>>> print(open('input.tsv').read())   # TSV, C-alpha atoms
chain	number	residue	atom	x	y	z
R	1	MET	CA	5.38	-6.57	-7.43
R	2	ILE	CA	3.87	-5.29	-4.18
R	3	LEU	CA	4.40	-1.66	-3.20
R	4	ILE	CA	4.58	-0.52	0.43
R	5	VAL	CA	4.52	3.18	1.31
R	6	ALA	CA	5.51	3.62	4.95
R	7	PRO	CA	8.01	5.23	7.33
R	8	TYR	CA	10.67	2.69	8.30
R	9	SER	CA	12.99	3.67	11.18
R	10	PRO	CA	14.72	0.55	12.54
R	11	PRO	CA	17.42	0.55	15.26
R	12	THR	CA	20.12	0.40	12.57
R	13	ARG	CA	19.11	3.90	11.52
R	14	LEU	CA	19.72	5.48	14.86
R	15	THR	CA	18.60	9.05	14.25
R	16	ASN	CA	14.87	8.46	14.62
R	17	ALA	CA	14.42	4.79	15.49
R	18	ASN	CA	10.84	3.65	16.07
R	19	LEU	CA	11.11	0.09	17.35
R	20	GLY	CA	7.44	-0.88	17.54
R	21	ALA	CA	6.41	0.46	14.14
R	22	SER	CA	9.56	-1.01	12.56
R	23	ARG	CA	8.82	-4.47	13.92
R	24	LYS	CA	5.25	-4.32	12.67
R	25	LEU	CA	6.40	-3.26	9.20
R	26	GLU	CA	9.03	-6.01	9.17
R	27	THR	CA	6.29	-8.56	9.93
R	28	ILE	CA	4.18	-7.17	7.07
R	29	ILE	CA	7.14	-7.40	4.68
R	30	SER	CA	7.74	-10.99	5.72
R	31	ILE	CA	4.07	-11.82	5.10
R	32	PHE	CA	4.00	-10.06	1.72
R	33	SER	CA	7.05	-12.03	0.60
R	34	LYS	CA	4.79	-15.10	0.64
R	35	LEU	CA	2.58	-13.42	-1.96
R	36	ASP	CA	5.27	-11.96	-4.20
R	37	ASN	CA	9.07	-12.02	-4.11
R	38	ASN	CA	9.33	-8.59	-5.72
R	39	LEU	CA	8.72	-5.96	-3.02
R	40	VAL	CA	9.28	-2.21	-3.13
R	41	LEU	CA	9.31	0.08	-0.09
R	42	VAL	CA	8.86	3.83	-0.43
R	43	ASN	CA	10.38	4.92	2.88
R	44	SER	CA	8.76	8.17	4.01
R	45	ALA	CA	10.43	8.31	7.44
R	46	HIS	CA	13.03	11.03	6.70
R	47	ASN	CA	15.47	9.21	9.02
R	48	GLU	CA	18.47	11.41	8.28
R	49	THR	CA	18.92	14.97	9.46
R	50	LYS	CA	21.42	15.84	6.79
R	51	ALA	CA	21.07	16.70	3.14
R	52	ALA	CA	20.80	13.66	0.88
R	53	THR	CA	19.42	13.15	-2.60
R	54	PHE	CA	16.63	10.90	-3.85
R	55	THR	CA	17.88	7.30	-3.78
R	56	THR	CA	16.83	3.86	-4.99
R	57	GLN	CA	18.73	0.89	-3.61
R	58	ARG	CA	18.48	-2.81	-2.82
R	59	ILE	CA	18.34	-3.56	0.92
R	60	THR	CA	17.42	-6.47	3.19
R	61	ILE	CA	14.65	-6.20	5.81
R	62	ALA	CA	13.69	-9.14	8.03
R	63	GLY	CA	15.77	-11.38	5.79
R	64	ILE	CA	13.84	-10.25	2.68
R	65	GLU	CA	15.68	-8.50	-0.16
R	66	LEU	CA	13.69	-5.63	-1.62
R	67	THR	CA	13.98	-2.26	-3.34
R	68	GLU	CA	13.88	0.86	-1.18
R	69	ILE	CA	13.04	4.27	-2.60
R	70	THR	CA	13.94	7.16	-0.30
R	71	PRO	CA	12.89	10.78	-0.99
R	72	PRO	CA	15.49	13.49	-0.34
R	73	THR	CA	16.37	14.36	3.25
R	74	TYR	CA	17.30	17.71	4.77
R	75	SER	CA	18.97	19.02	7.92
R	76	ASN	CA	15.59	20.16	9.27
R	77	ARG	CA	13.44	17.03	9.51
R	78	ALA	CA	10.06	18.77	9.89
R	79	LEU	CA	10.76	20.99	6.89
R	80	GLY	CA	12.16	18.00	5.01
R	81	LYS	CA	8.98	15.96	5.48
R	82	LEU	CA	6.97	18.91	4.18
R	83	LYS	CA	9.25	19.19	1.13
R	84	ASN	CA	8.85	15.46	0.51
R	85	LEU	CA	5.21	16.09	-0.39
R	86	PHE	CA	6.52	17.64	-3.59
R	87	CYS	CA	8.49	14.46	-4.41
R	88	VAL	CA	5.51	12.17	-4.95
R	89	ASP	CA	5.62	12.59	-8.74
R	90	GLN	CA	9.33	11.73	-8.72
R	91	VAL	CA	8.58	8.56	-6.78
R	92	LEU	CA	5.82	7.60	-9.22
R	93	ASN	CA	8.16	8.15	-12.17
R	94	GLU	CA	10.74	5.88	-10.53
R	95	LEU	CA	8.11	3.21	-10.05
R	96	LYS	CA	7.26	3.30	-13.76
R	97	ILE	CA	10.84	2.18	-14.40
R	98	ILE	CA	10.74	-0.57	-11.75
R	99	GLY	CA	7.38	-2.07	-12.71
R	100	GLN	CA	3.65	-2.12	-12.09
R	101	PRO	CA	2.52	-3.13	-8.56
R	102	LYS	CA	-0.30	-5.60	-8.04
R	103	PHE	CA	-1.45	-3.60	-5.04
R	104	ILE	CA	-0.26	-0.83	-2.72
R	105	TRP	CA	-0.06	-0.96	1.09
R	106	LEU	CA	-0.18	2.44	2.82
R	107	TYR	CA	0.87	2.79	6.47
R	108	ASN	CA	-1.20	5.28	8.47
R	109	GLY	CA	-2.97	8.48	7.50
R	110	TYR	CA	0.09	10.68	7.06
R	111	ALA	CA	0.18	13.44	4.47
R	112	PHE	CA	2.85	11.83	2.28
R	113	GLU	CA	1.12	8.44	2.18
R	114	MET	CA	-2.28	9.97	1.50
R	115	LEU	CA	-1.02	12.31	-1.23
R	116	PHE	CA	0.72	9.34	-2.79
R	117	ALA	CA	-2.60	7.45	-2.73
R	118	LEU	CA	-4.41	10.31	-4.43
R	119	LYS	CA	-1.90	10.46	-7.27
R	120	ALA	CA	-1.46	6.68	-7.56
R	121	LYS	CA	-5.21	6.28	-7.98
R	122	SER	CA	-5.07	7.93	-11.39
R	123	THR	CA	-1.59	6.83	-12.49
R	124	LEU	CA	-0.99	3.27	-11.21
R	125	LYS	CA	-4.70	2.32	-11.05
R	126	VAL	CA	-4.25	-0.68	-8.75
R	127	PRO	CA	-6.00	-1.66	-5.49
R	128	MET	CA	-4.78	0.18	-2.39
R	129	ILE	CA	-4.95	-1.12	1.18
R	130	PHE	CA	-4.78	1.28	4.10
R	131	GLU	CA	-3.35	0.38	7.52
R	132	PHE	CA	-4.88	2.95	9.90
R	133	GLU	CA	-2.85	3.02	13.14
R	134	ASP	CA	-3.53	6.30	14.97
R	135	TRP	CA	-6.19	8.98	14.95
R	136	HIS	CA	-4.61	12.24	13.88
R	137	PHE	CA	-5.59	14.15	17.01
R	138	SER	CA	-4.98	11.44	19.62
R	139	ARG	CA	-1.79	13.11	20.86
R	140	CYS	CA	-1.46	16.69	22.02
R	141	ARG	CA	0.82	18.46	19.52
R	142	GLY	CA	0.33	22.03	20.69
R	143	LEU	CA	0.63	24.44	17.77
R	144	ASN	CA	2.22	21.85	15.49
R	145	PRO	CA	0.13	21.89	12.26
R	146	LYS	CA	1.12	18.35	11.23
R	147	PRO	CA	-2.01	16.55	12.56
R	148	THR	CA	-4.27	18.96	10.69
R	149	ILE	CA	-2.27	18.63	7.46
R	150	ASP	CA	-2.30	14.83	7.79
R	151	TYR	CA	-6.05	14.86	8.48
R	152	CYS	CA	-6.85	16.93	5.40
R	153	PHE	CA	-4.92	14.63	3.06
R	154	TRP	CA	-6.41	11.55	4.76
R	155	ARG	CA	-9.93	12.86	4.26
R	156	LEU	CA	-9.25	13.40	0.56
R	157	ALA	CA	-7.69	9.96	0.03
R	158	ALA	CA	-9.74	7.72	2.33
R	159	GLY	CA	-12.36	6.98	-0.31
R	160	SER	CA	-9.76	5.55	-2.69
R	161	MET	CA	-9.01	2.44	-0.63
R	162	ALA	CA	-10.04	-1.09	-1.62
R	163	GLY	CA	-9.89	-2.00	2.05
R	164	THR	CA	-8.72	-0.71	5.41
R	165	PHE	CA	-7.19	-2.38	8.46
R	166	VAL	CA	-7.80	-0.47	11.70
R	167	VAL	CA	-6.43	-0.94	15.23
R	168	ASN	CA	-9.75	-0.29	16.98
R	169	ASN	CA	-13.43	0.46	16.45
R	170	LEU	CA	-12.98	4.21	16.79
R	171	LEU	CA	-10.90	4.23	13.61
R	172	ALA	CA	-13.33	1.79	12.00
R	173	ASN	CA	-16.09	4.32	12.64
R	174	LYS	CA	-13.96	7.06	11.08
R	175	MET	CA	-13.67	4.97	7.91
R	176	GLN	CA	-17.35	3.97	7.69
R	177	GLY	CA	-18.75	4.95	4.32
R	178	LEU	CA	-15.30	5.84	2.98
R	179	THR	CA	-13.92	2.42	2.08
R	180	LYS	CA	-15.27	-0.83	0.69
R	181	ARG	CA	-14.11	-3.13	3.48
R	182	ILE	CA	-12.89	-2.58	7.06
R	183	GLU	CA	-11.04	-5.20	9.10
R	184	LEU	CA	-9.86	-5.02	12.70
R	185	LEU	CA	-6.08	-5.44	13.03
R	186	PRO	CA	-4.84	-4.28	16.45
R	187	GLY	CA	-1.68	-6.30	15.98
R	188	ILE	CA	-0.07	-8.92	13.77
R	189	VAL	CA	0.89	-12.18	15.43
R	190	PRO	CA	4.04	-13.76	13.99
R	191	GLN	CA	4.02	-17.56	13.90
R	192	VAL	CA	6.87	-17.62	16.41
R	193	LEU	CA	4.55	-16.23	19.11
R	194	ALA	CA	2.02	-18.98	18.49
R	195	ASP	CA	4.88	-21.47	18.85
R	196	ILE	CA	5.96	-19.88	22.14
R	197	ALA	CA	2.39	-20.16	23.48
R	198	SER	CA	2.34	-23.86	22.59
R	199	HIS	CA	5.85	-24.95	23.50
R	200	SER	CA	7.03	-22.53	26.22
R	201	PRO	CA	4.15	-22.01	28.68
R	202	PRO	CA	4.70	-19.61	31.62
R	203	PHE	CA	5.43	-20.57	35.23
R	204	LYS	CA	7.01	-23.86	34.18
R	205	THR	CA	10.68	-23.30	35.05
R	206	ALA	CA	12.43	-25.31	37.74
R	207	THR	CA	13.39	-22.16	39.69
R	208	PRO	CA	10.87	-20.17	41.78
R	209	THR	CA	11.88	-16.90	40.07
R	210	ILE	CA	9.03	-15.05	38.31
R	211	ASN	CA	10.17	-13.36	35.10
R	212	ILE	CA	8.38	-10.21	33.97
R	213	GLY	CA	8.71	-8.68	30.52
R	214	PHE	CA	8.38	-5.12	29.23
R	215	PHE	CA	9.20	-4.66	25.55
R	216	SER	CA	8.46	-1.17	24.30
R	217	GLY	CA	9.70	2.35	23.80
R	218	LEU	CA	11.36	3.66	26.94
R	219	ASN	CA	9.32	6.80	27.47
R	220	ALA	CA	6.50	7.99	29.71
R	221	GLU	CA	3.75	7.49	27.09
R	222	LYS	CA	4.58	3.77	27.00
R	223	GLY	CA	4.71	3.63	30.82
R	224	ALA	CA	8.44	3.01	31.05
R	225	ASP	CA	8.64	5.34	34.06
R	226	ILE	CA	6.32	2.98	35.97
R	227	VAL	CA	8.44	-0.02	35.00
R	228	LEU	CA	11.58	1.75	36.21
R	229	GLN	CA	10.00	2.38	39.61
R	230	LEU	CA	8.79	-1.22	39.78
R	231	ALA	CA	12.34	-2.43	39.28
R	232	HIS	CA	13.34	-0.74	42.55
R	233	GLN	CA	10.29	-1.97	44.50
R	234	LEU	CA	9.94	-5.62	43.50
R	235	PRO	CA	11.00	-8.08	46.22
R	236	GLU	CA	13.43	-10.95	45.79
R	237	GLY	CA	12.24	-13.68	43.46
R	238	TYR	CA	11.04	-11.31	40.71
R	239	VAL	CA	13.15	-10.31	37.71
R	240	LEU	CA	12.25	-7.62	35.17
R	241	HIS	CA	13.37	-8.09	31.56
R	242	VAL	CA	13.32	-4.90	29.49
R	243	THR	CA	14.18	-4.22	25.85
R	244	GLY	CA	13.91	-1.05	23.82
R	245	ALA	CA	15.29	2.43	23.61
R	246	GLY	CA	14.13	5.94	24.33
R	247	ALA	CA	14.43	8.90	26.67
R	248	LEU	CA	14.73	6.65	29.74
R	249	GLY	CA	17.23	4.24	28.21
R	250	GLN	CA	20.18	5.50	30.25
R	251	ASP	CA	18.12	5.32	33.45
R	252	PHE	CA	17.36	1.66	32.77
R	253	GLU	CA	21.01	0.97	32.06
R	254	GLN	CA	22.05	2.53	35.38
R	255	ALA	CA	19.27	0.76	37.30
R	256	ALA	CA	20.25	-2.60	35.82
R	257	ALA	CA	23.81	-2.12	37.03
R	258	ALA	CA	22.68	-1.08	40.53
R	259	LEU	CA	20.03	-3.78	41.02
R	260	LYS	CA	22.38	-6.67	40.26
R	261	GLY	CA	20.11	-9.11	38.43
R	262	LYS	CA	16.65	-7.88	39.48
R	263	LEU	CA	16.51	-5.83	36.27
R	264	CYS	CA	17.90	-7.18	33.01
R	265	TYR	CA	18.11	-4.40	30.43
R	266	TYR	CA	19.00	-5.54	26.90
R	267	GLY	CA	18.64	-2.30	24.94
R	268	ARG	CA	17.75	-2.69	21.30
R	269	VAL	CA	17.57	-6.32	20.23
R	270	ASP	CA	16.75	-8.19	17.03
R	271	ASP	CA	13.56	-10.23	16.72
R	272	THR	CA	15.27	-13.55	17.40
R	273	THR	CA	16.61	-12.28	20.72
R	274	LEU	CA	13.30	-10.64	21.62
R	275	TYR	CA	11.34	-13.85	21.15
R	276	GLN	CA	13.90	-15.78	23.19
R	277	ILE	CA	13.35	-13.33	26.07
R	278	ILE	CA	9.55	-13.51	25.71
R	279	ALA	CA	9.73	-17.31	25.87
R	280	LYS	CA	11.31	-17.23	29.32
R	281	CYS	CA	8.90	-14.64	30.75
R	282	ASP	CA	5.84	-15.53	32.82
R	283	VAL	CA	4.16	-12.13	32.83
R	284	MET	CA	4.13	-9.16	30.46
R	285	LEU	CA	3.40	-5.52	31.23
R	286	ASN	CA	1.62	-2.78	29.30
R	287	PRO	CA	1.57	0.34	31.50
R	288	HIS	CA	0.69	2.63	28.56
R	289	THR	CA	-0.66	6.05	29.51
R	290	SER	CA	-4.44	6.42	29.36
R	291	ILE	CA	-5.77	5.55	25.91
R	292	GLU	CA	-9.01	7.31	26.86
R	293	HIS	CA	-7.10	10.56	27.40
R	294	MET	CA	-5.73	10.13	23.85
R	295	ASN	CA	-9.30	10.09	22.48
R	296	ASN	CA	-9.04	6.29	22.19
R	297	GLY	CA	-7.21	6.98	18.94
R	298	VAL	CA	-4.31	4.55	19.45
R	299	PHE	CA	-3.91	0.90	20.36
R	300	PRO	CA	-0.62	-0.57	21.64
R	301	PHE	CA	-0.19	-3.57	19.35
R	302	LYS	CA	2.11	-5.26	21.87
R	303	VAL	CA	-1.10	-6.05	23.80
R	304	ILE	CA	-2.12	-8.53	21.09
R	305	GLU	CA	1.40	-9.96	20.94
R	306	ALA	CA	1.42	-10.50	24.70
R	307	VAL	CA	-1.96	-12.25	24.62
R	308	ALA	CA	-0.89	-14.42	21.68
R	309	SER	CA	2.23	-15.55	23.58
R	310	GLY	CA	0.03	-17.17	26.24
R	311	ARG	CA	1.41	-15.06	29.07
R	312	LEU	CA	-0.55	-13.21	31.72
R	313	LEU	CA	-0.73	-9.60	30.57
R	314	ILE	CA	-1.09	-6.85	33.18
R	315	SER	CA	-2.23	-3.71	31.40
R	316	THR	CA	-3.78	-0.31	31.78
R	317	PRO	CA	-7.27	-0.15	30.18
R	318	VAL	CA	-7.52	-0.28	26.38
R	319	MET	CA	-10.51	-0.26	24.06
R	320	THR	CA	-12.09	-3.72	24.15
R	321	GLU	CA	-14.91	-3.18	21.67
R	322	GLY	CA	-14.61	-5.90	19.05
R	323	LEU	CA	-11.85	-7.58	21.08
R	324	LEU	CA	-13.65	-8.93	24.14
R	325	ASP	CA	-12.91	-12.55	23.21
R	326	VAL	CA	-9.20	-11.77	22.75
R	327	LEU	CA	-8.71	-9.61	25.85
R	328	ALA	CA	-10.83	-11.61	28.30
R	329	GLY	CA	-7.75	-12.97	30.08
R	330	VAL	CA	-5.95	-9.63	30.49
R	331	GLN	CA	-5.70	-8.24	34.01
R	332	PHE	CA	-6.51	-4.53	33.72
R	333	VAL	CA	-5.21	-2.17	36.42
R	334	ASN	CA	-4.94	1.56	36.97
R	335	HIS	CA	-2.01	3.54	35.65
R	336	SER	CA	0.04	3.55	38.85
R	337	VAL	CA	3.09	1.85	40.32
R	338	GLU	CA	1.03	0.62	43.27
R	339	ASP	CA	-1.56	-1.15	41.10
R	340	PHE	CA	1.03	-2.80	38.89
R	341	LEU	CA	3.07	-3.89	41.89
R	342	GLY	CA	0.03	-5.39	43.59
R	343	ALA	CA	-0.92	-7.30	40.43
R	344	ILE	CA	2.61	-8.62	39.95
R	345	LEU	CA	2.82	-9.92	43.51
R	346	VAL	CA	-0.22	-12.17	42.92
R	347	CYS	CA	0.46	-12.90	39.23
R	348	GLN	CA	1.13	-16.61	39.61
R	349	LYS	CA	-2.13	-17.14	41.48
R	350	GLN	CA	-3.93	-15.02	38.88
R	351	PHE	CA	-2.50	-17.11	36.05
R	352	ILE	CA	-3.33	-20.45	37.69
R	353	THR	CA	-6.91	-19.30	38.34
R	354	HIS	CA	-7.43	-18.10	34.77
R	355	SER	CA	-4.96	-20.30	32.85
R	356	LYS	CA	-7.64	-21.94	30.69
R	357	LEU	CA	-9.08	-18.56	29.68
R	358	ILE	CA	-5.62	-17.10	28.98
R	359	THR	CA	-4.76	-20.08	26.77
R	360	GLU	CA	-8.05	-19.78	24.90
R	361	CYS	CA	-7.43	-16.08	24.29
R	362	ALA	CA	-3.98	-16.87	22.88
R	363	VAL	CA	-5.54	-19.31	20.42
R	364	ILE	CA	-8.17	-16.73	19.37
R	365	ALA	CA	-5.54	-13.99	18.93
R	366	ASN	CA	-3.45	-16.26	16.73
R	367	ARG	CA	-6.47	-17.32	14.70
R	368	LYS	CA	-7.78	-13.79	14.17
R	369	PHE	CA	-4.55	-11.86	13.76
R	370	GLY	CA	-1.97	-14.42	12.68
R	371	GLU	CA	-0.04	-14.30	9.42
R	372	ASP	CA	-2.36	-16.68	7.54
R	373	ALA	CA	-5.46	-14.75	8.59
R	374	LEU	CA	-3.97	-11.46	7.34
R	375	LEU	CA	-2.95	-13.04	4.04
R	376	GLU	CA	-6.44	-14.31	3.37
R	377	LYS	CA	-8.02	-10.92	4.11
R	378	ILE	CA	-5.56	-9.17	1.79
R	379	LYS	CA	-6.24	-11.66	-1.00
R	380	THR	CA	-9.96	-10.99	-0.68
R	381	MET	CA	-9.51	-7.21	-0.68
R	382	VAL	CA	-7.46	-7.20	-3.87
R	383	LYS	CA	-9.20	-10.25	-5.36
R	384	ILE	CA	-6.12	-12.47	-5.46
R	385	GLU	CA	-6.69	-16.17	-6.01
R	386	GLY	CA	-3.97	-18.28	-4.39
R	387	ASP	CA	-0.32	-17.23	-4.62
R	388	ILE	CA	0.77	-14.50	-7.03
R	389	HIS	CA	4.45	-15.30	-7.44
>>> encode(input="input.tsv", output="structure tokens")
Amino acid sequence: MILIVAPYSPPTRLTNANLGASRKLETIISIFSKLDNNLVLVNSAHNETKAATFTTQRITIAGIELTEITPPTYSNRALGKLKNLFCVDQVLNELKIIGQPKFIWLYNGYAFEMLFALKAKSTLKVPMIFEFEDWHFSRCRGLNPKPTIDYCFWRLAAGSMAGTFVVNNLLANKMQGLTKRIELLPGIVPQVLADIASHSPPFKTATPTINIGFFSGLNAEKGADIVLQLAHQLPEGYVLHVTGAGALGQDFEQAAAALKGKLCYYGRVDDTTLYQIIAKCDVMLNPHTSIEHMNNGVFPFKVIEAVASGRLLISTPVMTEGLLDVLAGVQFVNHSVEDFLGAILVCQKQFITHSKLITECAVIANRKFGEDALLEKIKTMVKIEGDIH
């Protein structure tokens, strides 16, 4: 059995959907299923905003059947997540009934996950792997005490990990001296993206239309406001393909209707549909707000996915330390509509000029952050030899 402790908020649970994090977790579940067919997810997301009791049920995620344990939910989500900290013992008791895990995967340095790690260290006594996604203070939360609470529990639990995967070197530095092994994992590349890079190269369609993709949360932090303005300014011959949901979702829906084919808005889509759209795009966009202004504490994992797909990626600056060989083909621009528009208008020339480099970067991204690479690193961290079915 493999135990995963993580918030899971897919589009099917509409209250608090988190598309990017859900997709990443689904990829991890798919990868873990190759190691063991008995998976358990402790879902810490508190998706519901209504009272519900502690539940254990069989569900299917990414085509994989597994057991989901969900702590109680409450009408007030913030208060409910705080109350869930007092449910860790109940979760551990439930796990004693289900079975003993071979290792535990913990998603991000949240209070629930870190408290669980502290208690599991003495009760389950199995290796724990930490996936560190965001620095606690990277986003401005005002007077919200959550980042500080999360930080305190993370600091107590960080030393209990057999290994840690981090999205950038800043987080690697935070973990130095606290964990036995640190590996860079800014994104996980599904095999389907490697196949797209090989079999569906960009700028190869019979029509002169240039297809541009933006696949992210539709909010200002992700740069969706810039994409929306681009949709109105792009000339004929350019088509924007957008998936996702968020605060600007209705604006994209209205713009797609008004622009009559220049903007294709798909809303929330499943992975199969998403990869089909990626395969027909020539260029991908990452207009994320300044990572530097967020203390470099986050890394948009869709950057690695875009590189791995073999497309030209036009992006605002991200941390490149430790990733220079992967990001060498990315065209970095300022966080403005004008800069993105200018880069898009010369994107085909840019790709032709740097096509060899872009292809090489795709190969490196797939080799470093593909499914097989992650599996091998996990096996080493928890000292697994071969498969553990």
>>> closest_residue(input="input.tsv", among="R:Gln191, R:Val318, R:Ile344, R:Val5", to="R:Leu240", atoms="all atoms listed in the file")
R:Ile344
>>> residues_around(input="input.tsv", residues="R:Asn334", least_positions_apart="6", cutoff="12 Å", atoms="all atoms listed in the file", output="ChimeraX atom specification")
/R:223,226,286-291,314-318,340-343
>>> write_last_selection(input="input.tsv", atoms="C-alpha atoms", output="PDB file, in the frame of the given file")
ATOM      1  CA  GLY R 223       4.710   3.630  30.820  1.00  0.00           C
ATOM      2  CA  ILE R 226       6.320   2.980  35.970  1.00  0.00           C
ATOM      3  CA  ASN R 286       1.620  -2.780  29.300  1.00  0.00           C
ATOM      4  CA  PRO R 287       1.570   0.340  31.500  1.00  0.00           C
ATOM      5  CA  HIS R 288       0.690   2.630  28.560  1.00  0.00           C
ATOM      6  CA  THR R 289      -0.660   6.050  29.510  1.00  0.00           C
ATOM      7  CA  SER R 290      -4.440   6.420  29.360  1.00  0.00           C
ATOM      8  CA  ILE R 291      -5.770   5.550  25.910  1.00  0.00           C
ATOM      9  CA  ILE R 314      -1.090  -6.850  33.180  1.00  0.00           C
ATOM     10  CA  SER R 315      -2.230  -3.710  31.400  1.00  0.00           C
ATOM     11  CA  THR R 316      -3.780  -0.310  31.780  1.00  0.00           C
ATOM     12  CA  PRO R 317      -7.270  -0.150  30.180  1.00  0.00           C
ATOM     13  CA  VAL R 318      -7.520  -0.280  26.380  1.00  0.00           C
ATOM     14  CA  PHE R 340       1.030  -2.800  38.890  1.00  0.00           C
ATOM     15  CA  LEU R 341       3.070  -3.890  41.890  1.00  0.00           C
ATOM     16  CA  GLY R 342       0.030  -5.390  43.590  1.00  0.00           C
ATOM     17  CA  ALA R 343      -0.920  -7.300  40.430  1.00  0.00           C
TER      18      ALA R 343
END
>>> atom_distance(input="input.tsv", atom1="atom CA of R:Ala117", atom2="atom CA of R:Arg139")
24.3 Å
>>> atom_distance(input="input.tsv", atom1="atom CA of R:Tyr266", atom2="atom CA of R:Val242")
6.3 Å
>>> residues_near_point(input="input.tsv", point="(5.9, 9.5, -5.7)", cutoff="12 Å", atoms="all atoms listed in the file", output="NGL selection string")
:R and (3-5 or 41-44 or 54 or 69-72 or 84-96 or 112-121 or 123-124)
>>> write_last_selection(input="input.tsv", atoms="C-alpha atoms", output="compact mmCIF listing (two decimals), keeping the file's coordinate frame")
# COMPACT_ATOMS: atom_id res chain seq x y z
CA LEU R 3 4.40 -1.66 -3.20
CA ILE R 4 4.58 -0.52 0.43
CA VAL R 5 4.52 3.18 1.31
CA LEU R 41 9.31 0.08 -0.09
CA VAL R 42 8.86 3.83 -0.43
CA ASN R 43 10.38 4.92 2.88
CA SER R 44 8.76 8.17 4.01
CA PHE R 54 16.63 10.90 -3.85
CA ILE R 69 13.04 4.27 -2.60
CA THR R 70 13.94 7.16 -0.30
CA PRO R 71 12.89 10.78 -0.99
CA PRO R 72 15.49 13.49 -0.34
CA ASN R 84 8.85 15.46 0.51
CA LEU R 85 5.21 16.09 -0.39
CA PHE R 86 6.52 17.64 -3.59
CA CYS R 87 8.49 14.46 -4.41
CA VAL R 88 5.51 12.17 -4.95
CA ASP R 89 5.62 12.59 -8.74
CA GLN R 90 9.33 11.73 -8.72
CA VAL R 91 8.58 8.56 -6.78
CA LEU R 92 5.82 7.60 -9.22
CA ASN R 93 8.16 8.15 -12.17
CA GLU R 94 10.74 5.88 -10.53
CA LEU R 95 8.11 3.21 -10.05
CA LYS R 96 7.26 3.30 -13.76
CA PHE R 112 2.85 11.83 2.28
CA GLU R 113 1.12 8.44 2.18
CA MET R 114 -2.28 9.97 1.50
CA LEU R 115 -1.02 12.31 -1.23
CA PHE R 116 0.72 9.34 -2.79
CA ALA R 117 -2.60 7.45 -2.73
CA LEU R 118 -4.41 10.31 -4.43
CA LYS R 119 -1.90 10.46 -7.27
CA ALA R 120 -1.46 6.68 -7.56
CA LYS R 121 -5.21 6.28 -7.98
CA THR R 123 -1.59 6.83 -12.49
CA LEU R 124 -0.99 3.27 -11.21
>>> closest_residue(input="input.tsv", among="R:Asp282, R:Leu312, R:Cys152, R:His232", to="R:Ile212", atoms="only C-alpha atoms")
R:Asp282
>>> atom_distance(input="input.tsv", atom1="atom CA of R:Thr320", atom2="atom CA of R:Met284")
18.2 Å
>>> closest_atom_pairs(input="input.tsv", of="stretch 178-278 of chain R", to="stretch 153-170 of chain R", cutoff="12 Å", atoms="only C-alpha atoms", output="JSON lines")
{"residue": "R:Leu178", "atom": "CA", "partner": "R:Gly159", "partner_atom": "CA", "distance": 4.6}
{"residue": "R:Thr179", "atom": "CA", "partner": "R:Gly159", "partner_atom": "CA", "distance": 5.4}
{"residue": "R:Lys180", "atom": "CA", "partner": "R:Gly163", "partner_atom": "CA", "distance": 5.7}
{"residue": "R:Arg181", "atom": "CA", "partner": "R:Gly163", "partner_atom": "CA", "distance": 4.6}
{"residue": "R:Ile182", "atom": "CA", "partner": "R:Thr164", "partner_atom": "CA", "distance": 4.9}
{"residue": "R:Glu183", "atom": "CA", "partner": "R:Phe165", "partner_atom": "CA", "distance": 4.8}
{"residue": "R:Leu184", "atom": "CA", "partner": "R:Val166", "partner_atom": "CA", "distance": 5.1}
{"residue": "R:Leu185", "atom": "CA", "partner": "R:Val167", "partner_atom": "CA", "distance": 5.0}
{"residue": "R:Pro186", "atom": "CA", "partner": "R:Val167", "partner_atom": "CA", "distance": 3.9}
{"residue": "R:Gly187", "atom": "CA", "partner": "R:Val167", "partner_atom": "CA", "distance": 7.2}
{"residue": "R:Ile188", "atom": "CA", "partner": "R:Val167", "partner_atom": "CA", "distance": 10.3}
>>> residues_around(input="input.tsv", residues="R:Gly213", least_positions_apart="2", cutoff="7 Å", atoms="only C-alpha atoms", output="MDAnalysis selection string")
chainID R and resid 211 215 240:242 278 281 283:285
>>> residues_near_point(input="input.tsv", point="(-3.7, 1.9, 8.0)", cutoff="9 Å", atoms="all atoms listed in the file", output="PyMOL selection string")
chain R and resi 105-109+129-134+164-167
>>> write_last_selection(input="input.tsv", atoms="C-alpha atoms", output="mmCIF file, in the frame of the given file")
data_model
loop_
_atom_site.group_PDB
_atom_site.id
_atom_site.type_symbol
_atom_site.label_atom_id
_atom_site.label_comp_id
_atom_site.auth_asym_id
_atom_site.auth_seq_id
_atom_site.Cartn_x
_atom_site.Cartn_y
_atom_site.Cartn_z
ATOM 1 C CA TRP R 105 -0.060 -0.960 1.090
ATOM 2 C CA LEU R 106 -0.180 2.440 2.820
ATOM 3 C CA TYR R 107 0.870 2.790 6.470
ATOM 4 C CA ASN R 108 -1.200 5.280 8.470
ATOM 5 C CA GLY R 109 -2.970 8.480 7.500
ATOM 6 C CA ILE R 129 -4.950 -1.120 1.180
ATOM 7 C CA PHE R 130 -4.780 1.280 4.100
ATOM 8 C CA GLU R 131 -3.350 0.380 7.520
ATOM 9 C CA PHE R 132 -4.880 2.950 9.900
ATOM 10 C CA GLU R 133 -2.850 3.020 13.140
ATOM 11 C CA ASP R 134 -3.530 6.300 14.970
ATOM 12 C CA THR R 164 -8.720 -0.710 5.410
ATOM 13 C CA PHE R 165 -7.190 -2.380 8.460
ATOM 14 C CA VAL R 166 -7.800 -0.470 11.700
ATOM 15 C CA VAL R 167 -6.430 -0.940 15.230
#
>>> closest_atom_pairs(input="input.tsv", of="stretch 20-58 of chain R", to="stretch 349-372 of chain R", cutoff="12 Å", atoms="all atoms listed in the file", output="CSV")
residue,atom,partner,partner_atom,distance
R:Lys24,CA,R:Glu371,CA,11.8
R:Thr27,CA,R:Glu371,CA,8.6
R:Ile28,CA,R:Glu371,CA,8.6
R:Ile29,CA,R:Glu371,CA,11.0
R:Ser30,CA,R:Glu371,CA,9.2
R:Ile31,CA,R:Glu371,CA,6.5
R:Phe32,CA,R:Glu371,CA,9.7
R:Ser33,CA,R:Glu371,CA,11.5
R:Lys34,CA,R:Glu371,CA,10.1
R:Leu35,CA,R:Asp372,CA,11.2
